[in-house]
>>> print(open('model_20.pdb').read())   # PDB, C-alpha atoms, pLDDT in the B column
ATOM      1  CA  MET A   1     -35.578  -1.430  -6.416  1.00 65.00           C
ATOM      2  CA  ASN A   2     -36.846  -3.902  -8.964  1.00 80.00           C
ATOM      3  CA  LEU A   3     -39.072  -6.895  -8.291  1.00 74.00           C
ATOM      4  CA  PHE A   4     -36.162  -9.340  -8.369  1.00 73.00           C
ATOM      5  CA  ASN A   5     -34.313  -7.443  -5.620  1.00 76.00           C
ATOM      6  CA  LYS A   6     -37.465  -7.222  -3.506  1.00 73.00           C
ATOM      7  CA  MET A   7     -38.005 -10.972  -3.819  1.00 71.00           C
ATOM      8  CA  ALA A   8     -34.369 -11.694  -2.979  1.00 70.00           C
ATOM      9  CA  THR A   9     -34.595  -9.490   0.136  1.00 78.00           C
ATOM     10  CA  PHE A  10     -37.866 -11.121   1.184  1.00 72.00           C
ATOM     11  CA  LEU A  11     -36.425 -14.611   0.760  1.00 71.00           C
ATOM     12  CA  SER A  12     -33.239 -13.704   2.604  1.00 77.00           C
ATOM     13  CA  ILE A  13     -35.128 -12.346   5.631  1.00 81.00           C
ATOM     14  CA  ASN A  14     -37.433 -15.371   5.778  1.00 70.00           C
ATOM     15  CA  TRP A  15     -34.502 -17.763   5.379  1.00 78.00           C
ATOM     16  CA  GLN A  16     -32.760 -16.105   8.336  1.00 79.00           C
ATOM     17  CA  LYS A  17     -35.909 -16.476  10.463  1.00 76.00           C
ATOM     18  CA  PHE A  18     -36.222 -20.115   9.433  1.00 73.00           C
ATOM     19  CA  THR A  19     -32.599 -20.961  10.271  1.00 72.00           C
ATOM     20  CA  LEU A  20     -32.893 -19.187  13.650  1.00 74.00           C
ATOM     21  CA  LEU A  21     -36.004 -21.216  14.486  1.00 70.00           C
ATOM     22  CA  CYS A  22     -34.261 -24.466  13.498  1.00 60.00           C
ATOM     23  CA  SER A  23     -31.251 -23.560  15.605  1.00 64.00           C
ATOM     24  CA  GLN A  24     -33.395 -22.808  18.651  1.00 61.00           C
ATOM     25  CA  THR A  25     -35.269 -26.089  18.233  1.00 53.00           C
ATOM     26  CA  GLN A  26     -32.059 -28.066  17.935  1.00 53.00           C
ATOM     27  CA  GLN A  27     -30.555 -26.358  20.983  1.00 53.00           C
ATOM     28  CA  PHE A  28     -33.325 -27.558  23.283  1.00 50.00           C
ATOM     29  CA  GLN A  29     -33.371 -31.012  21.700  1.00 57.00           C
ATOM     30  CA  ASP A  30     -29.649 -31.460  22.341  1.00 75.00           C
ATOM     31  CA  ARG A  31     -29.988 -31.226  26.133  1.00 84.00           C
ATOM     32  CA  VAL A  32     -29.686 -34.307  28.343  1.00 89.00           C
ATOM     33  CA  TRP A  33     -30.038 -34.705  32.102  1.00 88.00           C
ATOM     34  CA  ILE A  34     -29.357 -37.540  34.529  1.00 90.00           C
ATOM     35  CA  VAL A  35     -32.225 -37.504  37.018  1.00 91.00           C
ATOM     36  CA  SER A  36     -32.327 -39.333  40.317  1.00 90.00           C
ATOM     37  CA  ILE A  37     -35.645 -39.365  42.154  1.00 89.00           C
ATOM     38  CA  GLN A  38     -35.783 -40.369  45.803  1.00 88.00           C
ATOM     39  CA  GLN A  39     -39.224 -40.915  47.280  1.00 83.00           C
ATOM     40  CA  LYS A  40     -39.723 -39.310  50.666  1.00 77.00           C
ATOM     41  CA  THR A  41     -40.378 -41.826  53.392  1.00 71.00           C
ATOM     42  CA  GLY A  42     -40.085 -41.785  57.162  1.00 61.00           C
ATOM     43  CA  GLN A  43     -36.445 -42.787  56.828  1.00 56.00           C
ATOM     44  CA  LYS A  44     -34.294 -41.701  53.919  1.00 56.00           C
ATOM     45  CA  SER A  45     -32.909 -44.654  52.052  1.00 54.00           C
ATOM     46  CA  ASN A  46     -30.861 -44.890  48.883  1.00 54.00           C
ATOM     47  CA  LEU A  47     -32.569 -48.195  48.132  1.00 57.00           C
ATOM     48  CA  PHE A  48     -35.641 -46.435  46.771  1.00 61.00           C
ATOM     49  CA  ASN A  49     -34.001 -44.266  44.114  1.00 75.00           C
ATOM     50  CA  ASP A  50     -35.001 -44.187  40.481  1.00 86.00           C
ATOM     51  CA  THR A  51     -32.245 -42.881  38.221  1.00 87.00           C
ATOM     52  CA  PHE A  52     -32.650 -42.357  34.503  1.00 86.00           C
ATOM     53  CA  VAL A  53     -31.719 -40.217  31.519  1.00 88.00           C
ATOM     54  CA  VAL A  54     -34.005 -37.404  30.346  1.00 88.00           C
ATOM     55  CA  SER A  55     -33.300 -36.311  26.794  1.00 88.00           C
ATOM     56  CA  GLU A  56     -35.203 -33.485  25.164  1.00 84.00           C
ATOM     57  CA  ASP A  57     -34.871 -35.035  21.706  1.00 80.00           C
ATOM     58  CA  SER A  58     -38.266 -36.670  22.187  1.00 76.00           C
ATOM     59  CA  PHE A  59     -39.976 -33.588  23.643  1.00 82.00           C
ATOM     60  CA  ASP A  60     -42.472 -31.463  21.767  1.00 82.00           C
ATOM     61  CA  LYS A  61     -41.288 -28.327  23.576  1.00 85.00           C
ATOM     62  CA  PRO A  62     -38.509 -27.324  25.983  1.00 85.00           C
ATOM     63  CA  MET A  63     -38.923 -28.397  29.617  1.00 89.00           C
ATOM     64  CA  GLN A  64     -41.926 -30.618  28.824  1.00 91.00           C
ATOM     65  CA  TRP A  65     -40.738 -33.410  31.147  1.00 90.00           C
ATOM     66  CA  MET A  66     -40.137 -30.946  33.999  1.00 91.00           C
ATOM     67  CA  GLU A  67     -43.608 -29.441  33.584  1.00 92.00           C
ATOM     68  CA  LYS A  68     -45.176 -32.910  33.745  1.00 90.00           C
ATOM     69  CA  GLN A  69     -43.283 -33.602  36.968  1.00 89.00           C
ATOM     70  CA  GLY A  70     -44.867 -30.541  38.590  1.00 90.00           C
ATOM     71  CA  TYR A  71     -41.808 -28.295  38.734  1.00 92.00           C
ATOM     72  CA  GLN A  72     -42.683 -24.691  39.575  1.00 93.00           C
ATOM     73  CA  PRO A  73     -41.974 -22.039  36.875  1.00 95.00           C
ATOM     74  CA  GLU A  74     -39.007 -20.640  38.865  1.00 94.00           C
ATOM     75  CA  ILE A  75     -37.448 -24.111  39.085  1.00 94.00           C
ATOM     76  CA  ILE A  76     -38.090 -24.761  35.388  1.00 93.00           C
ATOM     77  CA  ASN A  77     -36.257 -21.522  34.629  1.00 94.00           C
ATOM     78  CA  ASP A  78     -33.305 -22.650  36.794  1.00 94.00           C
ATOM     79  CA  VAL A  79     -33.212 -26.054  35.050  1.00 93.00           C
ATOM     80  CA  ASN A  80     -33.502 -24.392  31.653  1.00 90.00           C
ATOM     81  CA  ASN A  81     -30.440 -22.250  32.426  1.00 92.00           C
ATOM     82  CA  MET A  82     -28.261 -25.105  33.714  1.00 91.00           C
ATOM     83  CA  GLN A  83     -24.820 -25.473  32.183  1.00 90.00           C
ATOM     84  CA  ARG A  84     -23.196 -28.811  31.387  1.00 89.00           C
ATOM     85  CA  SER A  85     -21.978 -30.686  34.466  1.00 89.00           C
ATOM     86  CA  GLN A  86     -24.120 -28.510  36.725  1.00 93.00           C
ATOM     87  CA  ALA A  87     -26.303 -30.267  39.301  1.00 94.00           C
ATOM     88  CA  ILE A  88     -29.282 -29.109  41.356  1.00 94.00           C
ATOM     89  CA  LYS A  89     -31.729 -30.657  43.812  1.00 94.00           C
ATOM     90  CA  ILE A  90     -35.453 -30.038  43.653  1.00 91.00           C
ATOM     91  CA  GLU A  91     -37.730 -30.901  46.519  1.00 89.00           C
ATOM     92  CA  LEU A  92     -41.274 -31.757  45.554  1.00 86.00           C
ATOM     93  CA  GLU A  93     -44.115 -32.792  47.841  1.00 83.00           C
ATOM     94  CA  ASN A  94     -43.342 -36.530  47.860  1.00 84.00           C
ATOM     95  CA  SER A  95     -39.877 -36.748  46.345  1.00 88.00           C
ATOM     96  CA  LEU A  96     -36.425 -35.240  46.001  1.00 90.00           C
ATOM     97  CA  HIS A  97     -35.125 -34.836  42.442  1.00 92.00           C
ATOM     98  CA  SER A  98     -31.386 -34.540  41.778  1.00 92.00           C
ATOM     99  CA  LEU A  99     -30.631 -33.337  38.253  1.00 93.00           C
ATOM    100  CA  MET A 100     -27.291 -33.142  36.480  1.00 93.00           C
ATOM    101  CA  ARG A 101     -27.077 -31.730  32.990  1.00 92.00           C
ATOM    102  CA  VAL A 102     -24.697 -33.853  30.959  1.00 89.00           C
ATOM    103  CA  LYS A 103     -25.250 -32.437  27.484  1.00 83.00           C
TER     104      LYS A 103
END
>>> encode(input="model_20.pdb", output="C-alpha coordinates")
Amino acid sequence: MNLFNKMATFLSINWQKFTLLCSQTQQFQDRVWIVSIQQKTGQKSNLFNDTFVVSEDSFDKPMQWMEKQGYQPEIINDVNNMQRSQAIKIELENSLHSLMRVK
(Lines of atoms letter the chains of each structure in order from A and count residues from 1; the text may use other names and numbers.)
(Lines give C-alpha, C1' and ligand atoms only; values in the text may rest on other atoms or scores of the structure.)
Protein backbone atom coordinates (compact mmCIF):
# COMPACT_ATOMS: atom_id res chain seq x y z
CA MET A 1 0.00 0.00 0.00
CA ASN A 2 1.50 3.31 -1.01
CA LEU A 3 1.53 6.49 1.06
CA PHE A 4 -1.39 8.01 -0.85
CA ASN A 5 -3.63 5.02 -0.05
CA LYS A 6 -2.60 5.08 3.60
CA MET A 7 -3.44 8.78 3.84
CA ALA A 8 -6.78 8.26 2.10
CA THR A 9 -7.67 5.44 4.52
CA PHE A 10 -6.61 7.54 7.51
CA LEU A 11 -8.68 10.50 6.35
CA SER A 12 -11.70 8.32 5.61
CA ILE A 13 -11.68 6.75 9.09
CA ASN A 14 -11.28 10.12 10.81
CA TRP A 15 -14.00 11.67 8.65
CA GLN A 16 -16.39 8.88 9.67
CA LYS A 17 -15.59 9.48 13.36
CA PHE A 18 -16.12 13.21 12.90
CA THR A 19 -19.49 12.81 11.17
CA LEU A 20 -20.65 10.34 13.85
CA LEU A 21 -19.73 12.81 16.59
CA CYS A 22 -21.58 15.63 14.80
CA SER A 23 -24.63 13.42 14.37
CA GLN A 24 -24.67 12.48 18.05
CA THR A 25 -24.33 16.12 19.07
CA GLN A 26 -27.16 17.18 16.79
CA GLN A 27 -29.41 14.38 18.04
CA PHE A 28 -29.30 15.61 21.63
CA GLN A 29 -29.61 19.25 20.57
CA ASP A 30 -32.79 18.50 18.62
CA ARG A 31 -34.74 17.36 21.68
CA VAL A 32 -37.45 19.54 23.24
CA TRP A 33 -39.61 18.99 26.31
CA ILE A 34 -42.62 20.78 27.77
CA VAL A 35 -42.08 20.84 31.53
CA SER A 36 -44.68 21.67 34.13
CA ILE A 37 -43.47 22.08 37.70
CA GLN A 38 -45.94 22.07 40.56
CA GLN A 39 -44.62 23.09 43.96
CA LYS A 40 -45.70 20.82 46.78
CA THR A 41 -47.82 22.59 49.34
CA GLY A 42 -50.29 21.46 51.98
CA GLN A 43 -53.02 21.52 49.36
CA LYS A 44 -52.38 20.72 45.72
CA SER A 45 -53.34 23.59 43.49
CA ASN A 46 -52.97 24.12 39.77
CA LEU A 47 -52.55 27.84 40.43
CA PHE A 48 -48.91 27.39 41.38
CA ASN A 49 -47.65 25.66 38.24
CA ASP A 50 -44.73 26.83 36.16
CA THR A 51 -44.82 25.50 32.61
CA PHE A 52 -42.10 26.12 30.06
CA VAL A 53 -40.15 24.69 27.14
CA VAL A 54 -36.77 23.01 27.68
CA SER A 55 -34.72 22.77 24.51
CA GLU A 56 -31.34 21.09 24.46
CA ASP A 57 -30.07 23.37 21.69
CA SER A 58 -28.58 25.65 24.33
CA PHE A 59 -27.10 22.86 26.46
CA ASP A 60 -23.41 22.06 26.63
CA LYS A 61 -24.15 18.35 27.12
CA PRO A 62 -27.18 16.04 27.06
CA MET A 63 -29.48 16.17 30.10
CA GLN A 64 -27.73 19.23 31.55
CA TRP A 65 -31.01 20.88 32.60
CA MET A 66 -32.23 17.67 34.27
CA GLU A 67 -28.97 17.31 36.20
CA LYS A 68 -29.26 20.89 37.46
CA GLN A 69 -32.80 20.16 38.66
CA GLY A 70 -31.51 17.31 40.83
CA TYR A 71 -32.90 14.38 38.85
CA GLN A 72 -31.44 11.05 39.95
CA PRO A 73 -29.31 9.13 37.38
CA GLU A 74 -32.07 6.52 36.88
CA ILE A 75 -34.61 9.26 36.12
CA ILE A 76 -32.18 11.03 33.78
CA ASN A 77 -31.79 7.75 31.91
CA ASP A 78 -35.60 7.43 31.62
CA VAL A 79 -35.89 11.02 30.35
CA ASN A 80 -33.02 10.47 27.94
CA ASN A 81 -34.84 7.47 26.44
CA MET A 82 -38.22 9.19 26.06
CA GLN A 83 -39.86 9.03 22.65
CA ARG A 84 -41.78 11.91 21.09
CA SER A 85 -45.20 12.50 22.65
CA GLN A 86 -44.23 10.44 25.70
CA ALA A 87 -44.90 11.95 29.12
CA ILE A 88 -43.61 11.12 32.60
CA LYS A 89 -43.95 12.54 36.10
CA ILE A 90 -41.00 12.99 38.42
CA GLU A 91 -41.44 13.62 42.10
CA LEU A 92 -38.69 15.61 43.73
CA GLU A 93 -38.45 16.71 47.35
CA ASN A 94 -40.41 19.96 46.97
CA SER A 95 -42.02 19.65 43.56
CA LEU A 96 -43.68 17.43 40.98
CA HIS A 97 -42.30 17.67 37.44
CA SER A 98 -44.42 16.59 34.46
CA LEU A 99 -42.38 16.22 31.28
CA MET A 100 -43.59 15.64 27.74
CA ARG A 101 -41.11 15.21 24.93
CA VAL A 102 -42.36 17.09 21.90
CA LYS A 103 -39.35 16.86 19.61
>>> residues_around(input="model_20.pdb", residues="stretch 67-84 of chain A", least_positions_apart="5", cutoff="9 Å", atoms="all atoms listed in the file", output="MDAnalysis selection string")
chainID A and resid 28 31 62 90 92 99:103
>>> axis_aligned_box(input="model_20.pdb", around="stretch 82-88 of chain A", padding_each_side="4 Å", output="JSON")
{"center_x": -25.6, "center_y": -27.9, "center_z": 36.4, "size_x": 15.3, "size_y": 13.6, "size_z": 18.0}
>>> residues_around(input="model_20.pdb", residues="A:Ser95", least_positions_apart="6", cutoff="6 Å", atoms="only C-alpha atoms", output="number ranges by chain")
A: 38-40
>>> closest_residue(input="model_20.pdb", among="A:Ala8, A:Leu96, A:Ala87, A:Val35", to="A:Phe52", atoms="all atoms listed in the file")
A:Val35
>>> atom_distance(input="model_20.pdb", atom1="atom CA of A:Thr51", atom2="atom CA of A:Ile34")
7.1 Å
